[in-house]
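Take a look at the structure below.
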Amino acid sequence: MQDVWEGASAYRRLVSGGPLDRDFAEALLDMVISGMAPLQRPQTSSAQPRDESPPWWERDSAAWLNQAEPGRVYGPTDYIPVRALREEPQTLTIDGHGVAVAIDAWRDFQPPEHIEGSPLTVSVVVSADGAGVLPPVLRANRIAVLHDDQVWVAPLVEESLRIRTSRRFQVMARHGPRWGPGGSADVVVELQDGDDFIHLVRTPDQPIEETS
C-alpha cells in the first residue's frame, strides 16, 4: 500500500506534473481500498453457509424474476406476484455492509419534433450507506418496474466500469415502455453478492420524469 501511495505521488510530482489535490487523494484512497476488498470473484468463498430461510415475499419475487423474460412488459392477464414485490424492503444490509439504492426514471423528448419521445430509461446507483464500502463482488442483475397494473422486467447493464469505486457503481436499464411522463412507479432491484445470494430492495413511488 505504501509503495502504491508513494509511487503515484512521486510520479505526479516528478513526471506528469499532475496536481496533488483532494481529488487525486480520494481516487488513490479508493483504489487502495478496492484492492484490499477486490471487486473480482474470489476463487474460494470464506462465507459461512446461510441457514436462515428467506421470507415468503423474497422467495416468490426471486423465483418470478428468475423466470421472467428480460425486456417484457407483463400485464393484468399475466401472473405477477405484485403483493410479494411490494413487500420487498426499502433498506438493505449485506454481510454487515449497508447498501443504498437511488433511482432515476425518465423519458427523453429531445429534439422537439420527437413527439412520441424515447422509451423509458432507468438509472440505478448502488452505493455504500454511510461511511463504509460496498460488499466486494456486488453486482446488480435486473429490475422490476411496477406501474399501475403492469410490470416491466429489464436487465441492468454497468455501462462504464471506469466509474465504479469501492463505494458506488451505476447500472442502466433502457428501451422500456412508453409510460408517462408523470405518474410514478415502484422499482425493485435485484442484487447478487459474491456468494451468489440474491437480495431484493424496493424504491417506492419513483416519479417518471420528462427530459426535453
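Ordered as shown in the C-alpha cells, chains take letters A, B, and onward, while each chain numbers its residues from 1 and ligands are numbered from 1 in the order shown.
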
Residues of range 126-194 of chain A in strand (DSSP E), written as a ChimeraX atom specification: /A:126-128,139-147,150-155,168-173,184-192

Do you know which residues are at most 6 Å from range 163-174 of chain A counting only C-alpha atoms, after dropping those on the same chain fewer than 5 positions away, and could you put them as JSON, numbers by chain? {"A": [34, 121, 122, 123, 124, 125, 126, 127, 128, 133, 134, 156, 157, 158]}

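Using only C-alpha atoms, the shortest contact distance between Leu65 in chain A and any of A:Val187, A:Ala27, A:Leu92, A:Ile143 is found at A:Ile143.
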
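CA of Val82 in chain A lies 24.2 Å from CA of Arg107 in chain A.
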
Residue neighbourhood Pro177 in chain A, 8 Å, only C-alpha atoms, exclusion window fewer than 2 positions, as a ChimeraX atom specification: /A:73,119-120,152,175,179

Could those selected residues go to a file with C-alpha atoms, as a tab-separated table (two decimals), in the first residue's frame?
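Below is the file that was written, result.tsv:
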```tsv
chain	number	residue	atom	x	y	z
A	73	VAL	CA	-43.91	-5.85	-20.04
A	119	PRO	CA	-38.81	4.73	-24.35
A	120	LEU	CA	-38.38	4.64	-20.58
A	152	TRP	CA	-41.55	-4.13	-16.87
A	175	HIS	CA	-35.69	0.53	-24.09
A	179	TRP	CA	-45.25	5.14	-19.66
```

Which residue gives the smallest distance to Pro135 in chain A among A:Ala100, A:Val188, A:Leu20, A:Ala105, with only C-alpha atoms counted? A:Ala100

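When CA of Asp196 in chain A is paired with CA of Ala62 in chain A, their separation reads 12.8 Å.
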
CA of Phe109 in chain A and CA of Pro181 in chain A are how many Å apart? 9.9 Å

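The residue set within 10 Å of Pro55 in chain A, counting only C-alpha atoms and dropping same-chain residues fewer than 4 places from it, reads Arg59, Asp60, Ala84, Glu87 and Glu88 of chain A.
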
Atoms kept (C-alpha atoms) for selection, written as a PDB file, in the first residue's frame:
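And here's result-v2.pdb as it stands now:
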```pdb
ATOM      1  CA  ARG A  59     -38.846 -16.342  -2.316  1.00  0.00           C
ATOM      2  CA  ASP A  60     -41.839 -15.533  -4.528  1.00  0.00           C
ATOM      3  CA  ALA A  84     -44.618 -10.029  -2.870  1.00  0.00           C
ATOM      4  CA  GLU A  87     -43.284  -6.282   0.354  1.00  0.00           C
ATOM      5  CA  GLU A  88     -39.589  -6.017  -0.503  1.00  0.00           C
TER       6      GLU A  88
END
```
